[in-house]
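So this block is upload.cif, mmCIF, C-alpha atoms:
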data_upload
loop_
_atom_site.group_PDB
_atom_site.id
_atom_site.type_symbol
_atom_site.label_atom_id
_atom_site.label_comp_id
_atom_site.auth_asym_id
_atom_site.auth_seq_id
_atom_site.Cartn_x
_atom_site.Cartn_y
_atom_site.Cartn_z
ATOM 1 C CA MET A 1 -12.417 8.436 24.583
ATOM 2 C CA ASP A 2 -10.904 6.550 27.521
ATOM 3 C CA ARG A 3 -7.432 6.686 25.965
ATOM 4 C CA VAL A 4 -7.794 10.392 25.135
ATOM 5 C CA ALA A 5 -8.842 11.179 28.708
ATOM 6 C CA LYS A 6 -5.971 9.127 30.131
ATOM 7 C CA ARG A 7 -3.419 10.802 27.873
ATOM 8 C CA ALA A 8 -4.830 14.258 28.730
ATOM 9 C CA GLY A 9 -4.683 13.455 32.450
ATOM 10 C CA THR A 10 -8.400 14.012 32.964
ATOM 11 C CA ASN A 11 -11.622 12.017 32.942
ATOM 12 C CA LYS A 12 -14.023 11.115 30.142
ATOM 13 C CA ASN A 13 -16.682 13.540 31.370
ATOM 14 C CA ALA A 14 -14.315 16.484 30.865
ATOM 15 C CA ILE A 15 -13.576 15.307 27.324
ATOM 16 C CA TYR A 16 -17.291 14.903 26.526
ATOM 17 C CA ARG A 17 -18.063 18.404 27.847
ATOM 18 C CA ARG A 18 -15.736 19.877 25.256
ATOM 19 C CA TRP A 19 -16.353 17.385 22.420
ATOM 20 C CA PRO A 20 -19.799 15.783 22.582
ATOM 21 C CA SER A 21 -18.881 12.882 20.283
ATOM 22 C CA ARG A 22 -15.940 10.915 18.974
ATOM 23 C CA ALA A 23 -16.549 12.544 15.595
ATOM 24 C CA ALA A 24 -16.323 16.064 17.055
ATOM 25 C CA LEU A 25 -13.048 15.184 18.792
ATOM 26 C CA ALA A 26 -11.627 13.668 15.592
ATOM 27 C CA VAL A 27 -12.549 16.736 13.546
ATOM 28 C CA ALA A 28 -10.932 19.017 16.143
ATOM 29 C CA ALA A 29 -7.773 16.880 16.008
ATOM 30 C CA TYR A 30 -7.828 16.966 12.202
ATOM 31 C CA ARG A 31 -8.138 20.765 12.199
ATOM 32 C CA GLU A 32 -5.239 21.066 14.630
ATOM 33 C CA LEU A 33 -3.057 18.820 12.463
ATOM 34 C CA ASN A 34 -3.808 20.837 9.351
ATOM 35 C CA VAL A 35 -2.944 24.277 10.700
ATOM 36 C CA ALA A 36 -0.426 25.798 8.296
ATOM 37 C CA ASP A 37 2.537 26.966 10.318
ATOM 38 C CA GLN A 38 4.765 27.926 7.406
ATOM 39 C CA PRO A 39 4.358 30.808 5.001
ATOM 40 C CA LEU A 40 3.615 29.990 1.389
ATOM 41 C CA PRO A 41 6.757 29.508 -0.660
ATOM 42 C CA ASP A 42 7.637 32.352 -3.001
ATOM 43 C CA THR A 43 10.595 31.143 -5.047
ATOM 44 C CA GLY A 44 9.809 33.390 -7.992
ATOM 45 C CA THR A 45 8.544 30.573 -10.218
ATOM 46 C CA LEU A 46 5.471 28.384 -10.234
ATOM 47 C CA ARG A 47 7.690 25.338 -10.642
ATOM 48 C CA GLY A 48 9.722 26.204 -7.549
ATOM 49 C CA ASP A 49 6.648 27.014 -5.468
ATOM 50 C CA ALA A 50 4.805 23.836 -6.517
ATOM 51 C CA LEU A 51 7.825 21.643 -5.784
ATOM 52 C CA GLU A 52 8.268 23.235 -2.364
ATOM 53 C CA LEU A 53 4.588 22.699 -1.496
ATOM 54 C CA LEU A 54 4.788 19.059 -2.591
ATOM 55 C CA ARG A 55 8.020 18.501 -0.657
ATOM 56 C CA ARG A 56 6.464 19.999 2.484
ATOM 57 C CA ALA A 57 3.387 17.792 2.099
ATOM 58 C CA ASN A 58 5.587 14.749 1.504
ATOM 59 C CA ARG A 59 7.532 15.439 4.720
ATOM 60 C CA SER A 60 4.354 16.173 6.665
ATOM 61 C CA TRP A 61 2.516 13.049 5.529
ATOM 62 C CA THR A 62 5.374 10.790 6.682
ATOM 63 C CA SER A 63 5.796 12.583 10.033
ATOM 64 C CA PRO A 64 4.212 11.397 13.319
ATOM 65 C CA ALA A 65 1.336 13.853 12.721
ATOM 66 C CA GLY A 66 0.908 12.363 9.248
ATOM 67 C CA GLN A 67 0.719 8.891 10.761
ATOM 68 C CA LEU A 68 -1.980 10.136 13.115
ATOM 69 C CA ARG A 69 -3.853 11.648 10.165
ATOM 70 C CA ARG A 70 -3.710 8.324 8.290
ATOM 71 C CA SER A 71 -4.990 6.502 11.390
ATOM 72 C CA LEU A 72 -7.851 8.951 11.629
ATOM 73 C CA PHE A 73 -8.761 8.362 7.977
ATOM 74 C CA ALA A 74 -8.526 4.590 8.438
ATOM 75 C CA GLY A 75 -11.063 4.789 11.274
ATOM 76 C CA VAL A 76 -13.668 6.838 9.438
ATOM 77 C CA ALA A 77 -14.883 4.056 7.157
ATOM 78 C CA HIS A 78 -17.163 2.676 9.882
ATOM 79 C CA ASP A 79 -18.415 6.024 11.198
ATOM 80 C CA PRO A 80 -20.607 7.863 8.655
ATOM 81 C CA GLU A 81 -20.854 11.011 10.815
ATOM 82 C CA LEU A 82 -17.092 11.267 11.170
ATOM 83 C CA LEU A 83 -16.544 10.464 7.498
ATOM 84 C CA GLY A 84 -18.913 13.267 6.489
ATOM 85 C CA LEU A 85 -17.245 15.802 8.781
ATOM 86 C CA ILE A 86 -13.732 14.903 7.603
ATOM 87 C CA GLN A 87 -14.766 14.985 3.932
ATOM 88 C CA GLU A 88 -16.370 18.376 4.445
ATOM 89 C CA ARG A 89 -13.089 19.774 5.720
ATOM 90 C CA ALA A 90 -10.728 17.861 3.422
ATOM 91 C CA ASN A 91 -12.452 18.193 0.049
ATOM 92 C CA ASP A 92 -10.743 21.381 -1.059
ATOM 93 C CA ALA A 93 -7.228 19.815 -0.899
ATOM 94 C CA GLY A 94 -5.861 23.136 0.352
ATOM 95 C CA SER A 95 -7.160 24.927 -2.721
ATOM 96 C CA ALA A 96 -6.785 28.434 -1.227
ATOM 97 C CA MET A 97 -3.050 27.889 -0.793
ATOM 98 C CA TRP A 98 -2.621 26.458 -4.296
ATOM 99 C CA LEU A 99 -4.782 29.175 -5.848
ATOM 100 C CA THR A 100 -2.572 31.818 -4.208
ATOM 101 C CA VAL A 101 0.546 30.225 -5.694
ATOM 102 C CA VAL A 102 -1.108 30.008 -9.126
ATOM 103 C CA ALA A 103 -2.343 33.623 -8.868
ATOM 104 C CA ARG A 104 1.264 34.729 -8.364
ATOM 105 C CA ALA A 105 2.242 32.759 -11.463
ATOM 106 C CA VAL A 106 -0.576 34.422 -13.424
ATOM 107 C CA ALA A 107 0.711 37.831 -12.282
ATOM 108 C CA ARG A 108 4.210 36.844 -13.503
ATOM 109 C CA ARG A 109 2.628 35.669 -16.795
ATOM 110 C CA GLU A 110 3.889 32.124 -16.344
ATOM 111 C CA VAL A 111 0.408 30.659 -16.835
ATOM 112 C CA PRO A 112 -2.875 32.011 -18.239
ATOM 113 C CA ALA A 113 -5.584 33.407 -15.971
ATOM 114 C CA GLU A 114 -7.729 30.361 -16.800
ATOM 115 C CA SER A 115 -5.391 28.399 -14.518
ATOM 116 C CA LEU A 116 -7.106 29.993 -11.534
ATOM 117 C CA HIS A 117 -9.503 27.101 -11.093
ATOM 118 C CA ALA A 118 -9.505 25.080 -7.858
ATOM 119 C CA ARG A 119 -9.495 21.674 -9.544
ATOM 120 C CA ALA A 120 -6.622 22.588 -11.876
ATOM 121 C CA ALA A 121 -4.656 24.403 -9.158
ATOM 122 C CA THR A 122 -4.751 21.379 -6.828
ATOM 123 C CA VAL A 123 -3.876 18.669 -9.348
ATOM 124 C CA ALA A 124 -0.295 18.350 -8.063
ATOM 125 C CA ILE A 125 -1.283 17.686 -4.444
ATOM 126 C CA VAL A 126 -4.045 15.300 -5.533
ATOM 127 C CA LEU A 127 -1.494 13.331 -7.574
ATOM 128 C CA LEU A 128 0.831 13.199 -4.553
ATOM 129 C CA ARG A 129 -2.049 11.955 -2.397
ATOM 130 C CA ASN A 130 -2.669 9.271 -5.038
ATOM 131 C CA GLU A 131 0.966 8.180 -4.742
ATOM 132 C CA TYR A 132 0.366 7.533 -1.031
ATOM 133 C CA VAL A 133 -2.763 5.543 -1.835
ATOM 134 C CA THR A 134 -0.988 3.373 -4.414
ATOM 135 C CA ARG A 135 2.503 3.108 -2.854
ATOM 136 C CA GLY A 136 1.696 3.059 0.839
ATOM 137 C CA PRO A 137 2.823 5.294 3.688
ATOM 138 C CA GLY A 138 6.528 5.687 2.794
ATOM 139 C CA THR A 139 7.976 8.949 1.522
ATOM 140 C CA VAL A 140 7.405 9.504 -2.193
ATOM 141 C CA PRO A 141 10.772 9.896 -3.991
ATOM 142 C CA ASP A 142 11.695 13.429 -5.037
ATOM 143 C CA ASP A 143 11.997 12.453 -8.706
ATOM 144 C CA VAL A 144 8.283 11.553 -8.627
ATOM 145 C CA LEU A 145 7.485 15.021 -7.247
ATOM 146 C CA VAL A 146 9.524 16.600 -10.058
ATOM 147 C CA GLU A 147 7.722 14.414 -12.594
ATOM 148 C CA ILE A 148 4.316 15.456 -11.216
ATOM 149 C CA VAL A 149 5.248 19.132 -11.556
ATOM 150 C CA ASP A 150 7.181 19.052 -14.837
ATOM 151 C CA ASP A 151 5.217 16.466 -16.794
ATOM 152 C CA VAL A 152 1.651 17.011 -15.548
ATOM 153 C CA TYR A 153 1.078 20.148 -13.475
ATOM 154 C CA LEU A 154 2.923 22.804 -15.463
ATOM 155 C CA PRO A 155 1.758 21.553 -18.893
ATOM 156 C CA LEU A 156 -1.826 21.397 -17.605
ATOM 157 C CA LEU A 157 -1.801 24.952 -16.265
ATOM 158 C CA ARG A 158 0.076 26.379 -19.234
ATOM 159 C CA GLY A 159 -2.450 24.794 -21.586
ATOM 160 C CA ARG A 160 -5.575 26.118 -19.818
ATOM 161 C CA GLY A 161 -7.554 28.437 -22.049
ATOM 162 C CA VAL A 162 -5.790 27.310 -25.221
ATOM 163 C CA THR A 163 -8.183 27.090 -28.157
ATOM 164 C CA ALA A 164 -8.183 24.281 -30.733
ATOM 165 C CA ARG A 165 -6.562 26.662 -33.239
ATOM 166 C CA ASP A 166 -3.811 27.490 -30.741
ATOM 167 C CA ALA A 167 -3.290 23.801 -29.972
ATOM 168 C CA ASN A 168 -2.344 23.127 -33.604
ATOM 169 C CA ALA A 169 0.442 25.697 -33.470
ATOM 170 C CA THR A 170 3.992 24.569 -32.749
ATOM 171 C CA PRO A 171 4.544 24.639 -28.974
ATOM 172 C CA ALA A 172 7.319 26.762 -27.536
ATOM 173 C CA PRO A 173 10.271 24.686 -26.305
ATOM 174 C CA ARG A 174 10.575 24.112 -22.557
ATOM 175 C CA PRO A 175 13.108 26.418 -20.907
ATOM 176 C CA GLN A 176 16.461 24.721 -20.369
ATOM 177 C CA SER A 177 16.095 25.143 -16.579
ATOM 178 C CA ALA A 178 12.844 23.114 -16.608
ATOM 179 C CA ARG A 179 14.272 20.143 -18.519
ATOM 180 C CA ARG A 180 15.248 17.101 -16.515
ATOM 181 C CA PRO A 181 18.280 15.115 -17.566
ATOM 182 C CA LYS A 182 17.414 11.775 -19.149
ATOM 183 C CA LYS A 183 18.096 8.763 -16.934
ATOM 184 C CA GLU A 184 20.744 6.449 -18.272
ATOM 185 C CA SER A 185 19.500 2.879 -18.788
#
Now, as a test, write the supplied structure out as structure tokens.
Amino acid sequence: MDRVAKRAGTNKNAIYRRWPSRAALAVAAYRELNVADQPLPDTGTLRGDALELLRRANRSWTSPAGQLRRSLFAGVAHDPELLGLIQERANDAGSAMWLTVVARAVARREVPAESLHARAATVAIVLLRNEYVTRGPGTVPDDVLVEIVDDVYLPLLRGRGVTARDANATPAPRPQSARRPKKES
């Protein structure tokens, strides 16, 4: 709190009047960092929208604000109150935003209505978050984002609601525009 007060050009008492605990201040900072300042992408395809959302997240998570967010998360392990408050606000992985993008795709008949499920709709961003956990804080390469969307996210959503009988049918080929060129070895 001393450093926050110093940076704000005030004293600790003023900080404590507004935020009664370190946890309350951290949650307020987290909320401020997570304010969406850009409209949802609307490229006309689920693939385009999902890639744009992942690219935005990738840029955001490697920005100075993203570094601050990671520092905040690193400090919560030893503060159960703060951990609980952050988890309460972070658990949905931005599901409203992803559900909106998927709802547009349902309206365009790109994916079945069964895709409108928070856990399924947020799989792409959860996989990106996992890349940060396993790779570290550097930017995730774009080809990994494309792989997440093309090889996991779109097949998952397109397959929601498919019955066992339907699963035995021959799948429709992927559109040419969705195919990635094979890497030369």
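CA of Pro155 in chain A to CA of Pro137 in chain A spans 27.8 Å [interatomic distance, one decimal].
Rounded to one decimal, CA of Asn13 in chain A and CA of Gly66 in chain A lie 28.3 Å from each other.
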When you count all atoms listed in the file, which of these residues is closest to Asp49 in chain A: A:Ala96, A:Val133, A:Val102, A:Ile148? A:Val102
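A straight line drawn from CA of Gly84 in chain A to CA of Arg22 in chain A is 13.0 Å long.
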Given the point (1.1, 12.0, 3.8) in the coordinates of this file, which residues lie within 7 Å, counting all atoms listed in the file, and how would they look as a PyMOL selection string? chain A and resi 57-58+60-62+66+129+132+137
Would you mind exporting the chosen residues as a compact mmCIF listing (two decimals), in the coordinates of the input, restricted to C-alpha atoms?
# COMPACT_ATOMS: atom_id res chain seq x y z
CA ALA A 57 3.39 17.79 2.10
CA ASN A 58 5.59 14.75 1.50
CA SER A 60 4.35 16.17 6.66
CA TRP A 61 2.52 13.05 5.53
CA THR A 62 5.37 10.79 6.68
CA GLY A 66 0.91 12.36 9.25
CA ARG A 129 -2.05 11.96 -2.40
CA TYR A 132 0.37 7.53 -1.03
CA PRO A 137 2.82 5.29 3.69
At a cut-off of 12 Å, using all atoms listed in the file, what residues contact Ser115 in chain A? Leave out same-chain residues fewer than 6 positions from it and give the result as a VMD selection string. chain A and resid 46 98 to 107 109 121 to 123 153 to 162
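Here the question is which of A:Gly44, A:Thr139, A:Ala65, A:Ala24 gets nearest to Leu83 in chain A using all atoms listed in the file, and that residue is A:Ala24.
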Residue members of the PyMOL selection byres ((chain A and resi 51) around 12) in the file shown, as JSON, numbers by chain: {"A": [40, 41, 42, 43, 45, 46, 47, 48, 49, 50, 52, 53, 54, 55, 56, 57, 58, 98, 101, 124, 125, 128, 142, 143, 144, 145, 146, 147, 148, 149, 150, 153, 154]}
